[in-house]
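Below is one structure, written out as structure tokens, with a few remarks after it.
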Amino acid sequence: MKTFDQFTYERPNLTAMAEQHKILMQQFKEANSVAQQSEVISAWNSIAANYQTNATLVYIRASVDTRDAFYKTERDYLDDNGPRFEELQSAYYEALVSSKFRVELEQEWGTQLFALAQNAVDAFSPAIMPMLQQENKLISSYQELVASAQIEFDGQTLTLAQMGPYLESTERDVRKRATEARFNFYAQNREQFDAIYDDLVKLRHKIATTLGFKNFVELGYIRMDRVDYDATMVKKFRDQVRDEIVPVATKLYERQAKRIGVPTLAFYDEGLNFLTGNATPQGDADWIVANAKTMYSELSVETKEFFTMMIERNLMDLVAKTGKEGGGYCTFMEDYEVPFIFSNFNGTSGDIDVLTHEAGHAFQVYSSRNVGIPEYIWPTHEACEIHSMSMEFFTWPWMELFFKEQTDKYKFGHLSSALLFLPYGVAVDEFQHAVYENPTMTPAQRNAKWREIEQIYLPHRDYDGLAYLEDGAFWQRQQHIYSSPFYYIDYTLAQICALQFWQKSREDFTAAWQDYTNLCKLGGSKSFTQLVASANLNSPFEDGTVAAVIEAVEVYLNSVEDDKM
């Protein structure tokens with residue numbers, strides 16, 4: 001049983017792949033039976049899985065250490081050659097949707113495969129290959145710029161992730177100075193951040209129009225594989241958040257200001273939940289992993305097997321360090337049939353959030369790894385986030401392992417933040433719609449639009465004179481806006497589903513967990529709203545769903561005597 005450090009990388013040979021692809025597509029076209037076409041599908045899937053495995057290994061190792069010259073070179077190679085693979089994949093999908101045995105193949109694999117295949121065909125043309133290569137390079141340049149942050153603070157040189165604990169300090173002056181130091185990095189590199197995004201917006205608009213779309217909004221939805229809802233439904237959901245959640249969030253911020261003893265809640269105060277300090281894990285990273293092993297051993301037989309495997313095969317890189325990219329993610333290596341968890345532990349409660357969140361992704365993909373075809377290993381993004389966000393809540397009964405006497409603090413802060421995130425999440429989505437509907441916006445106009453949207457969804461926000469943020473540039477810290485356009489509303493849709501699981505787990509944990517594991521095993525074999533229904537959840541798009549979920553959360557939060565914590 002190989003561990004991650006023993007996984008071997010071999011640079012993909014796109015020329016050889018193209019030759020194999022040509023032969024296989026000819027065989028697919030000439031096939032006289034479903035069985036023959038299915039053999040070709042399996043053969044191509046095996047080749048594609050090997051490419052994806054090698055690409056994922058490069059992505060992980062380059063993000064763990066952005067200074068590694070070898071993997072930086074390989075990442076540059078894949079930035080250039082990834083679109084060549086996409087071209088081959090698109091040609092395969094074109095053959096699939098045109099198959100003379102399509103009806104029989106749909107009976108075997110379901111219609112979702114063909115919906116995804118059609119999206120892939122619609123989102124690609126050889127004419128956009130050079131533009132896709134440039135898009136990859138721009139995304140990498142953003143990620144490398146963020147990872148390069150070296151912030152002098154408190155006598156140390158820190159990364160952005162390592163600044164986290166100072167943003168939660170019980171001393172207001174420390175919180176303010178830490179916030180200023182953090183955003184000074186962005187301010188000092190503002191022209192670069194503006195230039196990268198300006199190039200990305202214009203490039204993506206050109207890609208969309210080259211493919212025949214009005215603008216990138218239409219293409220962005222196709223890239224995100226949204227097959228059963230559209231921008232109109234998303235806007236309706238954003239409106240529900242504005243009407244139902246923003247007022248509740250505003251009251252929570254007022255409650256927080258009173259709780260931490262400040263006359264007006266400034267932005268740099270938002271990170272502190274209690275004057276006695278936020279809940280923090282009561283041990284280091286190794287201690288957290290050991291307790292997580294206990295937790296997952298007790299949660300279920302399946303999670304015990306899964307998490308033990310993750311530890312034994314060294315499939316997690318968790319701690320923040322110099323040269324490491326920010327954020328957290330989970331990915332999957334098809335040839336090894338295992339996930340990998342990446343995060344930046346920094347000693348805050350976010351360490352537990354990110355571990356359980358990414359473990360939710362990892363548990364899902366591990367549960368559906370043998371689903372039969374690669375397109376179904378993962379569901380679409382918003383459905384993926386149901387697994388991760390729900391796992392954060394399913395592990396609540398074990399939070400005392402990590403927080404001990406601070407457990408009630410943690411739960412109040414965790415549930416509050418789940419609700420408070422929703423207005424910000426839809427603000428990011430509305431901003432992206434505005435940007436891509438108006439691709440000629442200047443950087444100043446984009447910032448003005450962000451400030452306008454903030455005032456709708458985050459009316460409490462007070463930057464207390466910090467010029468970079470007052471100018472409307474806060475959005476530049478959100479890497480999804482650069483690297484994964486329109487991948488943010490997904491978190492909010494999933495949060496509404498996760499909060500339903502939270503409510504159900506408090507009423508009947510066993511039944512709720514059964515629904516959750518069944519959902520994980522389905523992988524991506526159904527569309528988002530179909531998966532939601534399969535898990536016995538109400539769709540976030542349905543009238544009344546948001547209001548009902550928030551009502552249950554508000555009742556719980558109002559029952560907590562948080563001023564005594």
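Quick note on naming: the chains in the structure tokens go A, B, ... in the order shown, residues restart at 1 in each chain, and ligands are numbered from 1 in order of appearance.
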Proximity check region 419-478 of chain A to region 548-562 of chain A, 12 Å, nearest pairs one decimal Å, only C-alpha atoms, as CSV:
residue,atom,partner,partner_atom,distance
A:Leu419,CA,A:Ile550,CA,7.7
A:Leu420,CA,A:Ile550,CA,10.8
A:Leu422,CA,A:Ile550,CA,10.7
Could you dump the residues just selected with C-alpha atoms as a PDB file, in the first residue's frame?
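Just written: part_21.pdb:
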ATOM      1  CA  LEU A 419     -25.566  31.919   8.744  1.00  0.00           C
ATOM      2  CA  LEU A 420     -23.389  35.041   8.481  1.00  0.00           C
ATOM      3  CA  LEU A 422     -24.659  33.447   3.343  1.00  0.00           C
TER       4      LEU A 422
END
Within 8 Å of Ile139 (chain A) using only C-alpha atoms, minus same-chain residues under 4 positions, as number ranges by chain: A: 135, 143, 482-483
Who sits within 12 Å of region 332-339 of chain A, only C-alpha atoms, same chain under 6 positions skipped, as a PyMOL selection string: chain A and resi 1-4+6-9+45-60+306-307+309-317+358-375+377-378
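Closest approach to Met224 (chain A) among A:Val426, A:Ser527, A:His381, A:Trp398: A:His381, based on only C-alpha atoms.
Minimum atom-to-atom distance to Arg190 (chain A), evaluated using only C-alpha atoms, belongs to A:Gln476 out of A:Gln476, A:Thr303, A:Thr492, A:Thr294.
The neighbours of region 28-39 of chain A here are the residues that come within 9 Å of it, using only C-alpha atoms and leaving out any residue fewer than 3 positions away in the same chain; they are Ile23, Leu24, Met25, Ser42, Ala43, Trp44, Ala95, Leu96, Ser99, Lys100, Phe101, Arg102, Glu104 and Leu105 of chain A.
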Same residues, C-alpha atoms, saved as a compact mmCIF listing (two decimals), in the first residue's frame:
# COMPACT_ATOMS: atom_id res chain seq x y z
CA ILE A 23 -7.63 5.20 -32.87
CA LEU A 24 -10.22 4.84 -30.12
CA MET A 25 -12.60 7.39 -31.64
CA SER A 42 -13.44 2.18 -20.69
CA ALA A 43 -10.18 2.39 -22.65
CA TRP A 44 -10.38 6.17 -23.01
CA ALA A 95 -18.71 11.25 -30.15
CA LEU A 96 -20.60 10.15 -27.04
CA SER A 99 -23.56 7.82 -30.52
CA LYS A 100 -25.95 5.67 -32.55
CA PHE A 101 -26.39 3.68 -29.33
CA ARG A 102 -27.10 6.71 -27.17
CA GLU A 104 -28.89 2.16 -24.74
CA LEU A 105 -25.93 3.99 -23.18
Filtered DSSP result for region 363-459 of chain A, state alpha helix (DSSP H), as a ChimeraX atom specification: /A:363-367,381-394,400-403,407-437,443-457
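What separates CA of Tyr463 (chain A) from CA of Thr157 (chain A) is a distance of 24.8 Å.
What separates CA of Asp239 (chain A) from CA of Tyr468 (chain A) is a distance of 28.3 Å.
Atom to atom, CA of Gly110 (chain A) and CA of Pro126 (chain A) stand 28.4 Å apart.
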Pick from A:Tyr410, A:Phe402, A:Tyr436, A:Trp502 nearest to Ser390 (chain A), counting only C-alpha atoms: A:Trp502
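Residue nearest Leu78 (chain A) within the list A:Ala535, A:Leu14, A:Ala292, A:Leu160: A:Leu14 [criterion: smallest interatomic distance, only C-alpha atoms].
Here the question is which of A:Lys564, A:Arg242, A:Lys449, A:Lys504 gets nearest to Ala547 (chain A) using only C-alpha atoms, and that residue is A:Arg242.
Using only C-alpha atoms, the nearest neighbour of Lys404 (chain A) within the list A:Thr280, A:Thr442, A:Ser525, A:Gln455 is A:Thr280.
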Long-range neighbours of Gln478 (chain A) as a ChimeraX atom specification, 12 Å cut-off, only C-alpha atoms, 2 positions minimum in chain: /A:142-143,146,186,193,197,326-327,424-425,427-429,431-432,473-476,480-488
Close residues, Asn119 (chain A) itself excluded, 9 Å, only C-alpha atoms, min 4 positions apart in chain, as a PyMOL selection string: chain A and resi 114-115+123-124+222-227
Which residues come within 8 Å of Ala266 (chain A), counting only C-alpha atoms, excluding same-chain residues fewer than 6 positions away, as an mmCIF file with N, CA and C atoms, in the first residue's frame?
data_model
loop_
_atom_site.group_PDB
_atom_site.id
_atom_site.type_symbol
_atom_site.label_atom_id
_atom_site.label_comp_id
_atom_site.auth_asym_id
_atom_site.auth_seq_id
_atom_site.Cartn_x
_atom_site.Cartn_y
_atom_site.Cartn_z
ATOM 1 N N ARG A 461 -21.232 46.510 7.553
ATOM 2 C CA ARG A 461 -19.768 46.500 7.432
ATOM 3 C C ARG A 461 -19.174 47.899 7.516
ATOM 4 N N ASP A 462 -18.190 48.047 8.400
ATOM 5 C CA ASP A 462 -17.528 49.327 8.660
ATOM 6 C C ASP A 462 -16.020 49.100 8.607
ATOM 7 N N TYR A 463 -15.363 49.648 7.568
ATOM 8 C CA TYR A 463 -13.928 49.451 7.396
ATOM 9 C C TYR A 463 -13.087 50.454 8.183
ATOM 10 N N ASP A 464 -13.744 51.352 8.871
ATOM 11 C CA ASP A 464 -13.069 52.277 9.788
ATOM 12 C C ASP A 464 -11.869 52.982 9.135
#
